Structure formats: structure tokens, C-alpha cells
$ cat protein.txt   # compact mmCIF, C-alpha atoms
# COMPACT_ATOMS: atom_id res chain seq x y z
CA MET A 14 6.92 13.40 -2.13
CA ASN A 15 7.36 16.87 -0.70
CA PRO A 16 8.07 19.10 -3.72
CA TYR A 17 9.93 21.60 -1.56
CA VAL A 18 12.86 19.48 -0.43
CA SER A 19 16.32 20.95 -0.99
CA LEU A 20 19.23 19.41 -2.85
CA ALA A 21 20.83 18.59 0.50
CA ASP A 22 17.78 16.46 1.36
CA LEU A 23 18.23 14.17 -1.65
CA PRO A 24 20.19 10.88 -1.57
CA LEU A 25 23.02 12.24 -3.73
CA ARG A 26 26.21 10.31 -4.26
CA PRO A 27 28.61 11.38 -1.47
CA GLU A 28 31.12 13.04 -3.81
CA LEU A 29 28.37 15.28 -5.25
CA LYS A 30 27.23 16.70 -1.92
CA GLY A 31 28.01 20.40 -1.61
CA THR A 32 29.00 20.84 -5.26
CA GLN A 33 27.51 23.28 -7.73
CA PRO A 34 26.62 22.78 -11.42
CA TYR A 35 29.37 23.84 -13.82
CA GLY A 36 28.85 26.94 -15.89
CA ALA A 37 29.94 30.50 -16.53
CA PRO A 38 27.60 33.22 -15.24
CA GLN A 39 25.07 34.28 -17.87
CA ILE A 40 24.46 37.96 -17.18
CA ASP A 41 22.72 40.33 -19.56
CA VAL A 42 25.34 43.04 -20.08
CA PRO A 43 26.37 44.90 -23.26
CA VAL A 44 29.78 43.19 -23.57
CA ARG A 45 30.15 39.45 -22.83
CA LEU A 46 33.75 38.29 -22.97
CA ASN A 47 33.61 35.33 -20.60
CA THR A 48 33.06 32.12 -22.61
CA ASN A 49 35.67 32.29 -25.41
CA GLU A 50 33.05 32.28 -28.15
CA ASN A 51 33.74 33.57 -31.64
CA PRO A 52 31.80 36.88 -31.51
CA TYR A 53 31.06 36.99 -35.23
CA PRO A 54 27.66 35.55 -36.26
CA PRO A 55 27.25 33.45 -39.44
CA SER A 56 26.78 35.18 -42.77
CA GLU A 57 23.49 35.29 -44.64
CA ALA A 58 24.83 32.57 -46.97
CA VAL A 59 25.51 30.23 -44.05
CA ILE A 60 22.15 31.03 -42.45
CA THR A 61 20.41 30.27 -45.75
CA ASP A 62 22.16 26.90 -46.03
CA LEU A 63 21.29 26.07 -42.41
CA GLN A 64 17.65 26.81 -43.18
CA LYS A 65 17.79 24.61 -46.28
CA ALA A 66 19.37 21.80 -44.28
CA PHE A 67 16.62 21.97 -41.67
CA ALA A 68 13.93 21.93 -44.37
CA GLN A 69 15.51 18.82 -45.91
CA ILE A 70 15.60 16.85 -42.66
CA ALA A 71 12.23 18.02 -41.33
CA ALA A 72 10.27 15.45 -43.37
CA ASP A 73 12.29 12.59 -41.80
CA ILE A 74 12.47 13.92 -38.25
CA ASN A 75 10.39 10.92 -37.14
CA ARG A 76 13.39 8.72 -37.95
CA TYR A 77 16.46 8.23 -35.80
CA PRO A 78 19.69 9.89 -36.93
CA ASP A 79 22.67 8.01 -38.33
CA ARG A 80 24.04 6.70 -35.04
CA GLU A 81 27.56 6.44 -36.50
CA ALA A 82 27.49 9.95 -38.09
CA ILE A 83 29.55 8.60 -40.97
CA GLU A 84 28.99 11.54 -43.33
CA LEU A 85 29.95 14.04 -40.64
CA ARG A 86 32.98 12.03 -39.52
CA THR A 87 34.16 11.83 -43.13
CA ALA A 88 33.85 15.60 -43.48
CA LEU A 89 35.72 16.11 -40.20
CA ALA A 90 38.53 13.84 -41.42
CA ASP A 91 38.74 15.85 -44.64
CA TYR A 92 38.94 19.09 -42.65
CA LEU A 93 41.67 17.75 -40.36
CA ASN A 94 43.67 16.46 -43.31
CA GLN A 95 43.94 20.06 -44.45
CA GLN A 96 45.52 20.91 -41.08
CA LEU A 97 48.16 18.19 -41.37
CA PRO A 98 51.69 19.06 -42.55
CA SER A 99 52.37 18.13 -46.17
CA THR A 100 55.01 15.69 -44.91
CA SER A 101 52.46 13.68 -42.92
CA PRO A 102 52.72 10.01 -44.00
CA SER A 103 49.00 9.34 -44.26
CA GLY A 104 45.65 11.07 -44.07
CA LEU A 105 42.70 10.53 -41.77
CA ILE A 106 39.48 8.78 -42.73
CA ALA A 107 36.09 8.51 -41.04
CA GLU A 108 37.25 5.55 -38.94
CA ASN A 109 39.88 7.83 -37.34
CA THR A 110 37.30 10.34 -36.12
CA TRP A 111 34.53 10.51 -33.57
CA ALA A 112 31.97 13.26 -32.98
CA ALA A 113 29.69 14.11 -30.07
CA ASN A 114 27.77 16.92 -28.38
CA GLY A 115 30.71 19.20 -27.80
CA SER A 116 34.22 18.21 -26.80
CA ASN A 117 32.77 17.77 -23.29
CA GLU A 118 30.94 14.62 -24.41
CA VAL A 119 33.97 13.44 -26.37
CA MET A 120 36.07 13.73 -23.21
CA THR A 121 33.38 11.97 -21.20
CA HIS A 122 33.37 9.09 -23.69
CA LEU A 123 37.16 8.78 -23.35
CA CYS A 124 36.97 8.74 -19.55
CA GLN A 125 34.10 6.25 -19.62
CA ALA A 126 36.09 3.96 -21.89
CA PHE A 127 39.56 4.22 -20.36
CA ALA A 128 39.26 5.64 -16.82
CA GLY A 129 36.79 4.61 -14.11
CA PRO A 130 36.95 3.06 -10.63
CA ASP A 131 40.48 2.29 -9.42
CA ARG A 132 41.91 4.15 -12.42
CA LYS A 133 43.67 7.52 -12.55
CA VAL A 134 43.44 10.54 -14.82
CA LEU A 135 46.47 12.82 -14.72
CA THR A 136 46.64 16.42 -15.89
CA PHE A 137 48.71 19.56 -15.46
CA THR A 138 47.24 22.42 -13.45
CA PRO A 139 46.00 25.07 -13.66
CA THR A 140 43.93 23.85 -16.58
CA TYR A 141 40.37 23.49 -17.85
CA SER A 142 37.95 23.50 -14.91
CA MET A 143 35.76 20.74 -16.42
CA TYR A 144 38.51 18.10 -16.24
CA PRO A 145 37.89 17.21 -12.58
CA GLU A 146 34.18 16.88 -13.35
CA TYR A 147 34.83 14.38 -16.15
CA VAL A 148 36.93 12.44 -13.67
CA ARG A 149 34.41 12.65 -10.83
CA ASN A 150 31.50 11.64 -13.05
CA THR A 151 33.32 8.52 -14.21
CA HIS A 152 34.34 7.53 -10.64
CA SER A 153 38.02 8.00 -11.49
CA SER A 154 40.90 9.36 -9.40
CA TYR A 155 42.28 12.79 -10.32
CA VAL A 156 46.03 13.40 -10.22
CA ARG A 157 47.24 17.01 -10.52
CA VAL A 158 50.76 17.90 -11.58
CA ALA A 159 51.62 21.57 -11.14
CA ARG A 160 52.76 23.48 -14.20
CA GLY A 161 55.89 25.61 -14.00
CA ALA A 162 56.01 29.28 -13.04
CA ASP A 163 55.38 30.14 -16.70
CA TYR A 164 52.34 27.80 -16.72
CA ARG A 165 54.00 25.43 -19.17
CA ILE A 166 54.50 21.70 -18.58
CA ASP A 167 57.83 20.76 -17.06
CA LEU A 168 58.76 17.56 -18.89
CA LYS A 169 60.87 16.12 -16.09
CA SER A 170 58.03 16.57 -13.58
CA ALA A 171 55.55 15.12 -16.08
CA LEU A 172 57.57 11.99 -16.73
CA THR A 173 58.22 11.50 -13.01
CA ALA A 174 54.49 11.75 -12.26
CA ILE A 175 53.55 9.33 -15.03
CA ALA A 176 56.09 6.79 -13.77
CA GLU A 177 54.85 7.20 -10.18
CA HIS A 178 51.08 7.16 -10.76
CA ASP A 179 50.78 5.07 -13.95
CA PRO A 180 47.60 6.93 -15.02
CA HIS A 181 45.22 5.34 -17.50
CA VAL A 182 44.49 8.73 -19.09
CA VAL A 183 46.75 11.76 -19.42
CA LEU A 184 45.06 15.07 -20.35
CA ILE A 185 46.98 17.94 -21.92
CA ALA A 186 45.23 21.12 -23.03
CA THR A 187 47.19 23.10 -25.62
CA PRO A 188 46.66 25.99 -25.92
CA ASN A 189 45.83 25.58 -22.26
CA ASN A 190 42.64 27.01 -20.79
CA PRO A 191 42.75 29.36 -18.88
CA THR A 192 46.40 30.36 -19.35
CA GLY A 193 46.64 30.23 -23.16
CA THR A 194 50.06 28.57 -22.99
CA THR A 195 51.04 25.85 -25.47
CA THR A 196 52.82 22.52 -25.13
CA ASP A 197 55.40 21.86 -27.81
CA LEU A 198 55.34 18.71 -29.93
CA ASP A 199 58.60 17.35 -28.49
CA THR A 200 57.07 17.40 -25.00
CA ILE A 201 53.92 15.68 -26.25
CA ARG A 202 56.00 13.09 -28.06
CA ALA A 203 58.02 12.33 -24.92
CA ILE A 204 54.89 11.98 -22.79
CA ALA A 205 53.16 9.71 -25.31
CA ALA A 206 56.27 7.55 -25.47
CA ALA A 207 56.44 7.29 -21.67
CA THR A 208 53.18 5.35 -21.31
CA ASP A 209 51.14 2.74 -23.12
CA LYS A 210 47.96 4.28 -21.70
CA ILE A 211 45.81 6.95 -23.37
CA VAL A 212 47.23 10.44 -23.90
CA VAL A 213 44.61 13.05 -24.83
CA ILE A 214 45.65 16.34 -26.41
CA ASP A 215 42.87 18.90 -26.08
CA GLU A 216 43.30 21.30 -29.01
CA ALA A 217 40.03 23.22 -28.58
CA TYR A 218 41.83 26.50 -29.37
CA GLN A 219 44.43 25.26 -31.86
CA GLU A 220 43.12 27.31 -34.79
CA PHE A 221 43.88 30.50 -32.83
CA SER A 222 47.51 29.53 -32.29
CA ARG A 223 50.24 31.57 -33.93
CA HIS A 224 51.38 28.30 -35.51
CA PRO A 225 48.25 26.16 -35.96
CA GLU A 226 50.22 23.80 -38.18
CA LEU A 227 52.18 22.63 -35.11
CA THR A 228 49.41 20.26 -34.13
CA ALA A 229 49.53 16.92 -32.34
CA LEU A 230 47.63 15.51 -35.33
CA SER A 231 51.04 15.12 -36.94
CA LEU A 232 52.04 12.66 -34.18
CA LEU A 233 49.10 10.28 -34.65
CA PRO A 234 51.01 7.97 -37.04
CA GLU A 235 53.69 7.52 -34.35
CA PHE A 236 51.48 6.70 -31.34
CA ALA A 237 48.49 4.36 -31.22
CA ASN A 238 47.67 5.69 -27.72
CA LEU A 239 47.40 9.35 -28.77
CA VAL A 240 44.07 11.19 -29.12
CA VAL A 241 43.58 14.73 -30.44
CA VAL A 242 40.34 16.45 -29.43
CA ARG A 243 38.92 19.50 -31.23
CA THR A 244 35.69 21.50 -31.20
CA MET A 245 33.59 23.50 -33.63
CA SER A 246 32.44 25.80 -30.81
CA LYS A 247 35.35 28.22 -30.87
CA ALA A 248 37.07 29.04 -34.15
CA PHE A 249 34.13 27.78 -36.22
CA ALA A 250 31.70 30.14 -34.43
CA PHE A 251 29.43 27.12 -33.89
CA ALA A 252 29.04 27.12 -30.10
CA GLY A 253 25.26 26.75 -30.34
CA GLY A 254 25.67 23.73 -32.63
CA ARG A 255 27.44 21.69 -29.91
CA VAL A 256 29.89 19.61 -31.95
CA GLY A 257 33.16 18.28 -30.63
CA TYR A 258 35.30 15.59 -32.22
CA LEU A 259 38.49 13.60 -31.96
CA ALA A 260 41.08 12.01 -34.20
CA ALA A 261 42.79 8.80 -33.12
CA ASN A 262 43.52 5.18 -33.89
CA PRO A 263 40.30 3.46 -35.08
CA ALA A 264 40.40 1.17 -32.04
CA ILE A 265 40.05 4.20 -29.76
CA VAL A 266 37.08 5.35 -31.83
CA ASP A 267 35.54 1.89 -31.38
CA ALA A 268 35.99 2.23 -27.62
CA CYS A 269 33.99 5.48 -27.71
CA ARG A 270 31.31 3.74 -29.76
CA ILE A 271 30.92 1.17 -26.97
CA VAL A 272 30.14 3.74 -24.25
CA ARG A 273 28.16 6.31 -26.23
CA LEU A 274 24.42 6.57 -25.70
CA PRO A 275 22.28 5.39 -28.63
CA TYR A 276 21.79 8.10 -31.26
CA HIS A 277 23.77 10.59 -29.17
CA LEU A 278 24.16 13.08 -32.04
CA SER A 279 20.90 14.40 -33.49
CA THR A 280 20.15 14.63 -37.19
CA GLN A 281 19.95 18.41 -36.90
CA THR A 282 23.37 18.63 -35.24
CA GLN A 283 24.98 16.41 -37.85
CA ARG A 284 23.52 18.30 -40.80
CA PHE A 285 24.20 21.74 -39.36
CA ALA A 286 27.81 20.74 -38.69
CA MET A 287 28.09 19.60 -42.31
CA VAL A 288 26.97 23.08 -43.38
CA GLY A 289 29.62 24.62 -41.14
CA LEU A 290 32.34 22.41 -42.59
CA ALA A 291 31.18 23.14 -46.16
CA HIS A 292 31.69 26.83 -45.32
CA ALA A 293 34.92 26.24 -43.38
CA GLY A 294 36.84 28.97 -45.19
CA GLU A 295 34.20 31.54 -44.38
CA MET A 296 33.50 30.30 -40.86
CA LEU A 297 37.22 30.52 -40.04
CA SER A 298 37.77 33.83 -41.83
CA ASN A 299 37.54 35.82 -38.59
CA VAL A 300 40.18 33.78 -36.77
CA ALA A 301 42.95 36.11 -37.99
CA LYS A 302 40.99 39.09 -36.63
CA LEU A 303 40.68 37.43 -33.25
CA ARG A 304 44.39 36.58 -33.19
CA ALA A 305 45.11 40.28 -33.81
CA VAL A 306 42.72 41.28 -31.01
CA ARG A 307 44.41 38.79 -28.67
CA ASP A 308 47.84 40.18 -29.51
CA ASP A 309 46.55 43.71 -28.94
CA MET A 310 45.31 42.63 -25.50
CA LEU A 311 48.75 41.23 -24.68
CA THR A 312 50.21 44.66 -25.41
CA ARG A 313 47.58 46.92 -23.92
CA LEU A 314 46.80 45.11 -20.67
CA PRO A 315 50.32 45.73 -19.27
CA GLN A 316 49.95 49.38 -20.28
CA LEU A 317 46.98 49.51 -17.90
CA GLY A 318 49.20 48.25 -15.10
CA VAL A 319 48.24 44.57 -14.93
CA GLU A 320 50.16 41.39 -15.64
CA VAL A 321 49.15 39.17 -18.53
CA ILE A 322 50.15 35.62 -19.47
CA ASP A 323 51.35 35.21 -23.06
CA SER A 324 48.49 33.45 -24.85
CA ASP A 325 48.14 31.40 -28.01
CA ALA A 326 44.34 31.14 -27.68
CA ASN A 327 41.45 33.59 -28.15
CA PHE A 328 41.62 34.80 -24.56
CA CYS A 329 44.06 36.29 -22.06
CA LEU A 330 44.61 35.68 -18.35
CA PHE A 331 45.30 38.96 -16.56
CA GLY A 332 45.91 40.04 -12.95
CA ARG A 333 47.06 39.87 -10.30
CA PHE A 334 44.38 41.27 -8.04
CA ASP A 335 44.15 41.12 -4.26
CA ASP A 336 40.39 40.66 -4.66
CA ARG A 337 39.63 39.45 -8.16
CA HIS A 338 35.94 38.99 -7.40
CA ASP A 339 35.66 42.68 -6.56
CA VAL A 340 37.31 43.59 -9.88
CA TRP A 341 34.98 41.16 -11.67
CA GLU A 342 31.94 42.74 -10.05
CA GLN A 343 33.12 46.25 -10.86
CA LEU A 344 33.57 45.28 -14.52
CA VAL A 345 30.02 43.87 -14.58
CA GLN A 346 28.76 47.14 -13.16
CA ASN A 347 30.56 48.83 -16.05
CA GLY A 348 28.76 46.58 -18.56
CA VAL A 349 31.54 44.06 -19.22
CA LEU A 350 31.46 40.37 -18.27
CA VAL A 351 34.75 38.44 -18.02
CA ARG A 352 35.46 35.06 -16.38
CA GLU A 353 36.53 34.57 -12.78
CA THR A 354 38.61 31.43 -13.27
CA GLY A 355 42.12 30.13 -13.07
CA PRO A 356 44.71 30.75 -10.33
CA ASP A 357 43.78 33.03 -7.45
CA GLY A 358 44.12 36.69 -8.33
CA TRP A 359 43.59 36.27 -12.08
CA LEU A 360 40.70 36.91 -14.47
CA ARG A 361 40.22 35.70 -18.05
CA VAL A 362 38.95 37.86 -20.90
CA SER A 363 37.92 36.52 -24.31
CA ALA A 364 38.91 38.20 -27.55
CA GLY A 365 35.81 39.96 -28.88
CA THR A 366 35.17 42.41 -31.66
CA PRO A 367 37.35 45.54 -31.66
CA ALA A 368 34.42 47.56 -30.30
CA GLU A 369 33.83 45.06 -27.48
CA CYS A 370 37.49 45.10 -26.54
CA GLU A 371 37.63 48.90 -26.49
CA ALA A 372 34.67 48.82 -24.10
CA PHE A 373 36.57 46.31 -21.95
CA PHE A 374 39.75 48.41 -21.88
CA SER A 375 37.76 51.51 -20.94
CA ALA A 376 35.88 49.68 -18.20
CA LEU A 377 39.06 48.16 -16.78
CA ALA A 378 40.77 51.55 -16.76
CA ARG A 379 37.84 52.99 -14.77
CA VAL A 380 37.90 50.08 -12.33
CA LEU A 381 41.67 50.28 -11.79
CA GLY A 382 41.57 54.06 -11.43
CA ARG A 383 38.83 54.26 -8.84
$ encode --input "protein.txt" --output "C-alpha cells"
Amino acid sequence: MNPYVSLADLPLRPELKGTQPYGAPQIDVPVRLNTNENPYPPSEAVITDLQKAFAQIAADINRYPDREAIELRTALADYLNQQLPSTSPSGLIAENTWAANGSNEVMTHLCQAFAGPDRKVLTFTPTYSMYPEYVRNTHSSYVRVARGADYRIDLKSALTAIAEHDPHVVLIATPNNPTGTTTDLDTIRAIAAATDKIVVIDEAYQEFSRHPELTALSLLPEFANLVVVRTMSKAFAFAGGRVGYLAANPAIVDACRIVRLPYHLSTQTQRFAMVGLAHAGEMLSNVAKLRAVRDDMLTRLPQLGVEVIDSDANFCLFGRFDDRHDVWEQLVQNGVLVRETGPDGWLRVSAGTPAECEAFFSALARVLGR
């Protein structure tokens, strides 16, 4: 075979022709505020425990991992139980949870199990840019329902669309990426009650919310079709660990077990995640700092003459620019990387350390003043 053929020369599936791999630009600049990571590295105590965990598993690395990740799923259930309101009727156990390589794989498992050919996945746009890829990769149909002018879900429009399209999966990101807007529990309850199909609530940024206790986890006892997806990549400062998870009815977990690849979660990933959960208080200790940075951005960005969408996540969407790519490029030239995503004319900036954010504000002021 000619090793110099191009992608266009390969017998790709038709829907993949002309597409590009997903991913944020990885550019070596002093300030990277484009991927919503927690900017604070682990402490020496956490690093030491990670090293100990690796030493303990190294002798058995020739063996497959626990394919059910029972110990990790139990620890995740314990963590989520701490997030539930005290009035919640019952707690979660390992059978209510599922874990995978990031929430991306969790979402893929859900689409593999419940979407597919001749089935529809409905979501509310603008929203997370990976959703259409989950749908495409599982040969599903993608139904978009526009959010309101404030980028929140209009319940009447949502219920009308669900009745019209009868989707097998409904995806709701709250706080929504890239807008940072939340969906209240009454809206989620009404949507879950409007269908007997699967309703997925993507709470990847819930810990950054002003009211993290207002979580869809509290609705799980009411709805057997409800799924809450979380990640350790953001608030837990564990992006390199690649652990996402869900909480749901055990039958939904069993459906994910059917479609998962064998031994999909490595021994290292499971044990490292256990270390992170054992240090949950410490790992989450910087969340309050990042909330404060986010709130500072919401105040200072308008002072620089740009619009900003009120956010409950660890990022802000700001604009509007006639040529957002030009602004993005100028920021890169000033040593700051943000994300060119979301509606036309807008850019997204992650909450970083105070020093990183000061560098961002200074760079943006220079770009806007040129």
C-alpha cells in the first residue's frame, strides 16, 4: 500500500468524509485557559499516595484489572451520597454507578446502549461540541432544539420537541458548556416526566455551581429513566487521570456493562481515582477559589467593554466580536490561549489562577485597545 495516501483517499464512512478530529488547540503559551482544567496541581501528599498506589499495583500489572471496577464504583457512590440533600430518601451504592475513561466514554456507552440507527438523540443548543460526535459515532440522528435568548432551556419548546421527535436519549448539560447556564430542577423533572426514554443530565461542572446541592442526583429516586453524569477531570483536578462516571438505576448501569469494551478501565486509572477520592476534601479545596475567579471575570469583562454570559461553571463566554478568530489569534500572540467555541462571535475563557487571569485581562485590554 502506498504510505503517502491522504485521508481523502481512504474508504471512510460517508459521514466522516471532510471532518476533523475533535480537540482544543494545544499551543505552548504562558497562559492556557482553553480547556476548563483545574489549574492547581496535586499536593505533595497526593503525589506521594499516587506513587504508593503505583508501586502496589506494579507487581500485578501482568493481570487484567477488575472489569467491574467495584471498589471504585463504591467510592464514587460514597462521594455522591455526600452531595445528596439530607432529605434524599435513599443513598447510592456501587450498582447505581458506572465509571469509564472520562465522561466522554460514559456518554458513548449510553448512546451505544440506547441510541443507534433509526433512533434520535435530542439536545439543546448551543451546547457541548462533543455531543454531535457521540451521536454520529453511534449512527444516531441528532435533533437540536434552540435555547432561549438567555441560553437557558425553554420548557415549552423542550416538551413540544420531545412530543414531536420522541427521542430515545435526551441530553442536558447543566451548567451548560460553553455558556455556563444552568437548568433548574423543576425543568429537569418536567422533561424526565415527559418521556419514558433516557434523560441524561451532564453535570461535569456541578461542583463549581453557586448551589452545587441543587443537583439532579436528588431526582434519581423519582425517575428510573434519569442518568446523572459527572467527571473527575474538572473540579477534582484529575484531567490526566481520565475518569468519568454516572449515577442511575442499576438497570441502566447493566446496559452500559453490555456495550463496554472488556477491561475498559485500567488498574492504574482505578487506583489513582481511588487516591483522588480518598483526598476529596483536599482535591476540591480550590473549587471556592475558582468560583471567586469566575465571579471576578463576570464583573471585569464588562468593564473591558465586552458582553459576558452569566456562568455557573469554571469558565465564561464573552464577546461579541465581528471576527472572533482574529481576537483569538491576537490573544495567542499576547501569550494567552482561550477557546474559540460556542455561538459565532463568542470566545470562552477558563478560570485560572489569579495570576493567569490578570495576564488574560491585560492581554485582552491590549487586543481591544489596538
$ residues_around --input "protein.txt" --residues "Gly365 in chain A" --least-positions-apart "3" --cutoff "6 Å" --atoms "all atoms listed in the file" --output "PyMOL selection string"
chain A and resi 52+369-370
$ atom_distance --input "protein.txt" --atom1 "CA of Tyr144 in chain A" --atom2 "CA of Ala326 in chain A"
18.3 Å
$ residues_around --input "protein.txt" --residues "range 210-227 of chain A" --least-positions-apart "6" --cutoff "9 Å" --atoms "only C-alpha atoms" --output "ChimeraX atom specification"
/A:96-98,116,120,123,127,179-190,193,195,197-198,201,204,237-248,257,297,300-301,303-304,324-327
$ atom_distance --input "protein.txt" --atom1 "CA of Val148 in chain A" --atom2 "CA of Leu259 in chain A"
18.4 Å
$ atom_distance --input "protein.txt" --atom1 "CA of Leu278 in chain A" --atom2 "CA of Leu135 in chain A"
28.2 Å
$ closest_residue --input "protein.txt" --among "A:Tyr258, A:Tyr53, A:Tyr77, A:Tyr17" --to "His122 in chain A" --atoms "only C-alpha atoms"
A:Tyr258
$ residues_around --input "protein.txt" --residues "Asp339 in chain A" --least-positions-apart "6" --cutoff "12 Å" --atoms "all atoms listed in the file" --output "PDB file with C-alpha atoms, keeping the file's coordinate frame"
ATOM      1  CA  VAL A 345      30.020  43.870 -14.580  1.00  0.00           C
ATOM      2  CA  GLN A 346      28.760  47.140 -13.160  1.00  0.00           C
ATOM      3  CA  GLU A 353      36.530  34.570 -12.780  1.00  0.00           C
ATOM      4  CA  GLY A 358      44.120  36.690  -8.330  1.00  0.00           C
ATOM      5  CA  TRP A 359      43.590  36.270 -12.080  1.00  0.00           C
ATOM      6  CA  LEU A 360      40.700  36.910 -14.470  1.00  0.00           C
ATOM      7  CA  VAL A 380      37.900  50.080 -12.330  1.00  0.00           C
ATOM      8  CA  LEU A 381      41.670  50.280 -11.790  1.00  0.00           C
TER       9      LEU A 381
END
